[in-house]
file entry.csv (CSV, C-alpha atoms)
chain,number,residue,atom,x,y,z
A,1,MET,CA,-32.4,-37.2,-2.2
A,2,LYS,CA,-35.3,-34.8,-1.9
A,3,SER,CA,-34.6,-31.2,-1.3
A,4,SER,CA,-37.0,-31.1,1.7
A,5,SER,CA,-34.7,-33.4,3.6
A,6,ASN,CA,-31.7,-31.1,3.1
A,7,PRO,CA,-31.9,-27.6,4.7
A,8,ILE,CA,-29.5,-26.1,2.2
A,9,LEU,CA,-31.3,-27.5,-0.9
A,10,SER,CA,-34.6,-26.5,0.7
A,11,SER,CA,-33.2,-22.9,1.1
A,12,ILE,CA,-32.2,-23.0,-2.6
A,13,ALA,CA,-35.8,-24.1,-3.5
A,14,LYS,CA,-37.2,-21.2,-1.5
A,15,SER,CA,-34.9,-18.7,-3.3
A,16,ARG,CA,-36.0,-20.1,-6.6
A,17,THR,CA,-39.7,-19.6,-5.6
A,18,VAL,CA,-39.0,-16.0,-4.6
A,19,LEU,CA,-37.2,-15.4,-7.9
A,20,ALA,CA,-40.0,-16.9,-9.9
A,21,ILE,CA,-42.5,-14.5,-8.3
A,22,VAL,CA,-40.2,-11.5,-9.0
A,23,LEU,CA,-39.6,-12.5,-12.6
A,24,SER,CA,-43.3,-13.0,-13.2
A,25,ILE,CA,-43.8,-9.3,-12.8
A,26,SER,CA,-43.6,-7.2,-16.0
A,27,LEU,CA,-40.5,-5.0,-16.0
A,28,LEU,CA,-40.2,-1.4,-17.1
A,29,ALA,CA,-37.1,0.1,-18.8
A,30,THR,CA,-37.9,3.8,-18.0
A,31,GLY,CA,-38.0,5.8,-14.8
A,32,CYS,CA,-35.4,3.7,-13.2
A,33,SER,CA,-33.2,4.6,-10.3
A,34,ALA,CA,-29.5,4.0,-10.7
A,35,GLN,CA,-29.3,2.3,-7.3
A,36,TRP,CA,-30.4,-1.1,-8.5
A,37,ILE,CA,-27.6,-1.1,-11.1
A,38,SER,CA,-24.9,0.2,-8.8
A,39,ILE,CA,-25.6,-2.4,-6.2
A,40,ALA,CA,-25.5,-5.3,-8.7
A,41,LEU,CA,-22.3,-4.0,-10.3
A,42,ALA,CA,-20.7,-3.7,-6.8
A,43,ASP,CA,-21.7,-7.3,-5.9
A,44,LEU,CA,-21.2,-9.2,-9.2
A,45,PRO,CA,-17.4,-9.2,-9.2
A,46,VAL,CA,-17.5,-10.7,-5.7
A,47,LEU,CA,-20.0,-13.4,-6.8
A,48,THR,CA,-17.8,-14.2,-9.8
A,49,GLN,CA,-14.8,-14.6,-7.6
A,50,MET,CA,-16.8,-17.0,-5.4
A,51,ALA,CA,-17.8,-19.0,-8.5
A,52,LEU,CA,-14.2,-19.3,-9.6
A,53,ASN,CA,-13.2,-20.3,-6.1
A,54,LEU,CA,-15.7,-23.2,-6.3
A,55,GLY,CA,-13.6,-24.6,-9.1
A,56,THR,CA,-10.4,-24.6,-7.1
A,57,ILE,CA,-11.9,-25.6,-3.8
A,58,ILE,CA,-10.8,-29.2,-4.3
A,59,ASN,CA,-7.2,-28.0,-4.6
A,60,THR,CA,-7.3,-26.1,-1.3
A,61,LEU,CA,-8.1,-29.1,0.9
A,62,GLN,CA,-5.4,-30.0,3.5
A,63,THR,CA,-3.4,-33.2,2.7
A,64,GLY,CA,-4.9,-36.5,3.8
A,65,LYS,CA,-8.2,-36.3,2.0
A,66,GLN,CA,-8.7,-37.6,-1.6
A,67,ILE,CA,-11.5,-36.2,-3.7
A,68,GLY,CA,-12.9,-38.4,-6.4
A,69,SER,CA,-12.6,-37.4,-10.0
A,70,ALA,CA,-16.3,-37.3,-10.5
A,71,ASP,CA,-16.7,-34.9,-7.6
A,72,ALA,CA,-13.9,-32.7,-9.0
A,73,VAL,CA,-15.5,-32.6,-12.4
A,74,ALA,CA,-19.0,-31.8,-11.0
A,75,ILE,CA,-17.6,-28.9,-8.9
A,76,GLN,CA,-15.6,-27.5,-11.8
A,77,ASN,CA,-18.6,-27.7,-14.0
A,78,MET,CA,-20.6,-25.6,-11.5
A,79,SER,CA,-17.8,-23.2,-11.2
A,80,ALA,CA,-17.5,-22.7,-15.0
A,81,GLN,CA,-21.2,-22.3,-15.5
A,82,ALA,CA,-21.7,-19.9,-12.6
A,83,SER,CA,-18.7,-17.7,-13.5
A,84,LYS,CA,-19.7,-17.6,-17.2
A,85,ASP,CA,-23.3,-16.5,-16.4
A,86,LEU,CA,-22.2,-14.0,-13.7
A,87,ASN,CA,-19.7,-12.4,-16.1
A,88,LEU,CA,-22.5,-12.1,-18.7
A,89,LEU,CA,-24.8,-10.6,-16.2
A,90,GLU,CA,-22.3,-8.0,-15.2
A,91,ALA,CA,-21.7,-7.1,-18.8
A,92,LEU,CA,-25.5,-6.7,-19.3
A,93,TYR,CA,-25.9,-4.5,-16.3
A,94,SER,CA,-23.0,-2.3,-17.6
A,95,GLU,CA,-24.7,-2.2,-21.0
A,96,TYR,CA,-28.0,-1.1,-19.5
A,97,LYS,CA,-26.3,1.5,-17.4
A,98,ALA,CA,-24.7,3.0,-20.5
A,99,ASN,CA,-27.7,2.6,-22.7
A,100,PRO,CA,-31.0,1.8,-20.9
A,101,SER,CA,-33.4,-0.1,-23.1
A,102,ALA,CA,-36.2,-2.7,-22.8
A,103,SER,CA,-34.2,-5.3,-24.7
A,104,ALA,CA,-31.2,-4.9,-22.3
A,105,LEU,CA,-33.5,-5.3,-19.4
A,106,GLN,CA,-35.0,-8.4,-20.9
A,107,LYS,CA,-31.5,-9.9,-21.3
A,108,ILE,CA,-30.8,-9.3,-17.7
A,109,GLN,CA,-34.0,-11.0,-16.7
A,110,SER,CA,-33.2,-14.0,-19.0
A,111,VAL,CA,-29.7,-14.5,-17.5
A,112,ILE,CA,-31.0,-14.3,-13.9
A,113,ALA,CA,-33.6,-16.9,-14.8
A,114,ASP,CA,-30.9,-19.1,-16.4
A,115,ILE,CA,-28.7,-18.8,-13.3
A,116,ASN,CA,-31.6,-19.7,-11.0
A,117,GLN,CA,-32.4,-22.7,-13.1
A,118,SER,CA,-29.0,-24.1,-14.0
A,119,LEU,CA,-27.0,-23.9,-10.8
A,120,PRO,CA,-29.5,-25.9,-8.6
A,121,VAL,CA,-29.7,-28.6,-11.3
A,122,LEU,CA,-25.9,-28.9,-11.4
A,123,LEU,CA,-25.7,-29.0,-7.6
A,124,GLN,CA,-28.3,-31.7,-7.3
A,125,ALA,CA,-26.8,-33.8,-10.1
A,126,ALA,CA,-23.3,-33.6,-8.6
A,127,HIS,CA,-23.9,-36.2,-5.8
A,128,ILE,CA,-20.7,-35.1,-4.0
A,129,GLY,CA,-19.6,-38.0,-1.9
A,130,ASP,CA,-18.3,-36.3,1.2
A,131,PRO,CA,-21.1,-34.7,3.2
A,132,VAL,CA,-19.0,-31.9,4.6
A,133,LEU,CA,-17.7,-30.9,1.1
A,134,SER,CA,-21.1,-31.2,-0.3
A,135,ALA,CA,-22.5,-28.9,2.3
A,136,ARG,CA,-19.8,-26.3,1.7
A,137,VAL,CA,-20.3,-26.3,-2.0
A,138,ALA,CA,-24.1,-26.1,-1.6
A,139,ALA,CA,-23.6,-23.2,0.8
A,140,GLY,CA,-21.5,-21.4,-1.8
A,141,VAL,CA,-24.1,-22.0,-4.6
A,142,ASN,CA,-26.9,-20.9,-2.3
A,143,LEU,CA,-25.2,-17.6,-1.5
A,144,ILE,CA,-24.8,-16.9,-5.2
A,145,LEU,CA,-28.4,-17.8,-5.9
A,146,THR,CA,-30.0,-15.7,-3.1
A,147,THR,CA,-27.9,-12.7,-4.0
A,148,VAL,CA,-28.8,-12.9,-7.7
A,149,ALA,CA,-32.5,-13.2,-6.6
A,150,SER,CA,-32.1,-10.0,-4.6
A,151,PHE,CA,-30.9,-8.3,-7.8
A,152,ALA,CA,-34.1,-9.3,-9.5
A,153,ALA,CA,-36.2,-7.9,-6.6
A,154,LEU,CA,-34.4,-4.5,-7.1
A,155,ILE,CA,-35.4,-4.1,-10.8
A,156,PRO,CA,-37.8,-1.2,-10.8
A,157,GLN,CA,-41.5,-1.6,-11.4
A,158,THR,CA,-44.6,0.6,-11.4
A,159,SER,CA,-46.4,1.6,-8.1
A,160,SER,CA,-49.1,-1.1,-8.6
A,161,GLN,CA,-46.5,-3.7,-9.4
A,162,LEU,CA,-44.5,-2.8,-6.3
A,163,THR,CA,-47.6,-3.2,-4.2
A,164,ALA,CA,-48.3,-6.7,-5.7
A,165,GLN,CA,-44.6,-7.6,-5.1
A,166,LYS,CA,-44.8,-6.6,-1.4
A,167,VAL,CA,-47.9,-8.7,-0.9
A,168,ALA,CA,-46.3,-11.7,-2.7
A,169,HIS,CA,-43.1,-11.8,-0.5
A,170,PRO,CA,-41.2,-9.7,2.1
A,171,LYS,CA,-38.5,-7.2,1.1
A,172,LEU,CA,-35.2,-8.9,0.4
A,173,ALA,CA,-32.1,-7.6,2.0
A,174,ILE,CA,-29.3,-6.9,-0.5
A,175,PRO,CA,-25.9,-7.7,1.0
A,176,LYS,CA,-22.9,-5.4,0.4
A,177,ALA,CA,-19.8,-6.8,-1.2
A,178,SER,CA,-18.0,-6.9,2.1
A,179,ASP,CA,-20.9,-8.8,3.7
A,180,LEU,CA,-20.9,-11.3,0.8
A,181,LYS,CA,-17.2,-12.0,1.4
A,182,LYS,CA,-17.7,-12.4,5.1
A,183,GLN,CA,-20.6,-14.9,4.5
A,184,TRP,CA,-18.6,-16.8,2.0
A,185,ASN,CA,-15.5,-17.0,4.2
A,186,GLN,CA,-17.6,-18.3,7.1
A,187,GLN,CA,-19.9,-20.7,5.4
A,188,VAL,CA,-17.6,-22.1,2.7
A,189,CYS,CA,-14.0,-21.6,3.9
A,190,GLY,CA,-14.3,-21.7,7.7
A,191,PRO,CA,-12.9,-24.5,9.8
A,192,THR,CA,-14.8,-27.8,10.0
A,193,SER,CA,-15.0,-30.6,12.5
A,194,ASN,CA,-13.0,-32.7,10.0
A,195,SER,CA,-9.4,-31.3,9.8
A,196,ALA,CA,-8.8,-33.1,6.5
A,197,LEU,CA,-11.5,-30.9,5.0
A,198,ASP,CA,-10.3,-27.6,6.4
A,199,PHE,CA,-9.6,-25.2,3.5
A,200,SER,CA,-6.5,-23.2,2.8
A,201,ALA,CA,-7.4,-19.5,3.0
A,202,ALA,CA,-5.2,-18.8,0.0
A,203,GLY,CA,-7.4,-20.7,-2.4
A,204,CYS,CA,-10.8,-20.5,-0.9
A,205,THR,CA,-11.2,-17.1,0.8
A,206,ALA,CA,-12.9,-14.2,-1.0
A,207,ARG,CA,-10.8,-11.1,-0.6

call {"tool": "encode", "arguments": {"input": "entry.csv", "output": "structure tokens"}}
result
Amino acid sequence: MKSSSNPILSSIAKSRTVLAIVLSISLLATGCSAQWISIALADLPVLTQMALNLGTIINTLQTGKQIGSADAVAIQNMSAQASKDLNLLEALYSEYKANPSASALQKIQSVIADINQSLPVLLQAAHIGDPVLSARVAAGVNLILTTVASFAALIPQTSSQLTAQKVAHPKLAIPKASDLKKQWNQQVCGPTSNSALDFSAAGCTAR
């Protein structure tokens, strides 16, 4: 299925384009404000919780709906990869905060690029049978991707680079941790038109 025919996958493709533009700009390790680090460190634990919740989403369905083993494995693989990468990203931000260096910044750049590349591939390869479940999982992945892309946009640059960035794309809004939880709970864990696919708040909701 082409991403252009699916609004959620199309949104993911756009977020990947934005991230590619941001990451194409050379990064500086000096003269940095602490704001871009603190925002990422506040949001990353929430994103990791979301990634882990993806892995248990199949266990939070109300009785009456059977999920195929292939779908379960695909979702669990996405969860494992996302949580692993997000934990690494959080560690790298903490490392950079404690000891700013060009190499630490390059590692952050590399992990962001890996997340941007791997999660959409895993999502598109999943071929989740139920369209409602597929849409919920895609919404969760998209929320993770767009937030990580916003982290990349915050990484400091020189004045000339900032001017080029503003011309290339509009300023990205950086969601607070509370906003991330709200979006996740609405888009992924909210009630559906199919009662068999309604999720248990205990296992799906980001708290």

call {"tool": "atom_distance", "arguments": {"input": "entry.csv", "atom1": "atom CA of Leu54 of chain A", "atom2": "atom CA of Leu143 of chain A"}}
result
12.0 Å

call {"tool": "atom_distance", "arguments": {"input": "entry.csv", "atom1": "atom CA of Ala40 of chain A", "atom2": "atom CA of Asn185 of chain A"}}
result
20.1 Å

call {"tool": "residues_around", "arguments": {"input": "entry.csv", "residues": "Gln183 of chain A", "least_positions_apart": "4", "cutoff": "10 Å", "atoms": "only C-alpha atoms", "output": "number ranges by chain"}}
result
A: 139-140, 143, 175, 177-179, 187-190, 206

call {"tool": "closest_residue", "arguments": {"input": "entry.csv", "among": "A:Ala51, A:Asn99, A:Ala125, A:Lys182", "to": "Ser83 of chain A", "atoms": "only C-alpha atoms"}}
result
A:Ala51

call {"tool": "closest_atom_pairs", "arguments": {"input": "entry.csv", "of": "segment 135-154 of chain A", "to": "segment 87-95 of chain A", "cutoff": "12 Å", "atoms": "only C-alpha atoms", "output": "JSON lines"}}
result
{"residue": "A:Val148", "atom": "CA", "partner": "A:Leu89", "partner_atom": "CA", "distance": 9.7}
{"residue": "A:Phe151", "atom": "CA", "partner": "A:Tyr93", "partner_atom": "CA", "distance": 10.6}
{"residue": "A:Ala152", "atom": "CA", "partner": "A:Leu89", "partner_atom": "CA", "distance": 11.5}

call {"tool": "closest_residue", "arguments": {"input": "entry.csv", "among": "A:Ile115, A:Ile37, A:Ala82, A:Ala72", "to": "Tyr96 of chain A", "atoms": "all atoms listed in the file"}}
result
A:Ile37

call {"tool": "atom_distance", "arguments": {"input": "entry.csv", "atom1": "atom CA of Val73 of chain A", "atom2": "atom CA of Thr147 of chain A"}}
result
24.9 Å

call {"tool": "closest_residue", "arguments": {"input": "entry.csv", "among": "A:Asn142, A:Ile58, A:Asp71, A:Leu44", "to": "Ala126 of chain A", "atoms": "all atoms listed in the file"}}
result
A:Asp71

call {"tool": "closest_residue", "arguments": {"input": "entry.csv", "among": "A:Ala80, A:Ile112, A:Leu123, A:Leu133", "to": "Ser150 of chain A", "atoms": "all atoms listed in the file"}}
result
A:Ile112

call {"tool": "closest_residue", "arguments": {"input": "entry.csv", "among": "A:Ala42, A:Leu86, A:Cys204, A:Ile75", "to": "Gln124 of chain A", "atoms": "all atoms listed in the file"}}
result
A:Ile75

call {"tool": "closest_residue", "arguments": {"input": "entry.csv", "among": "A:Leu41, A:Ala135, A:Ala34, A:Ile57", "to": "Ser79 of chain A", "atoms": "all atoms listed in the file"}}
result
A:Ile57
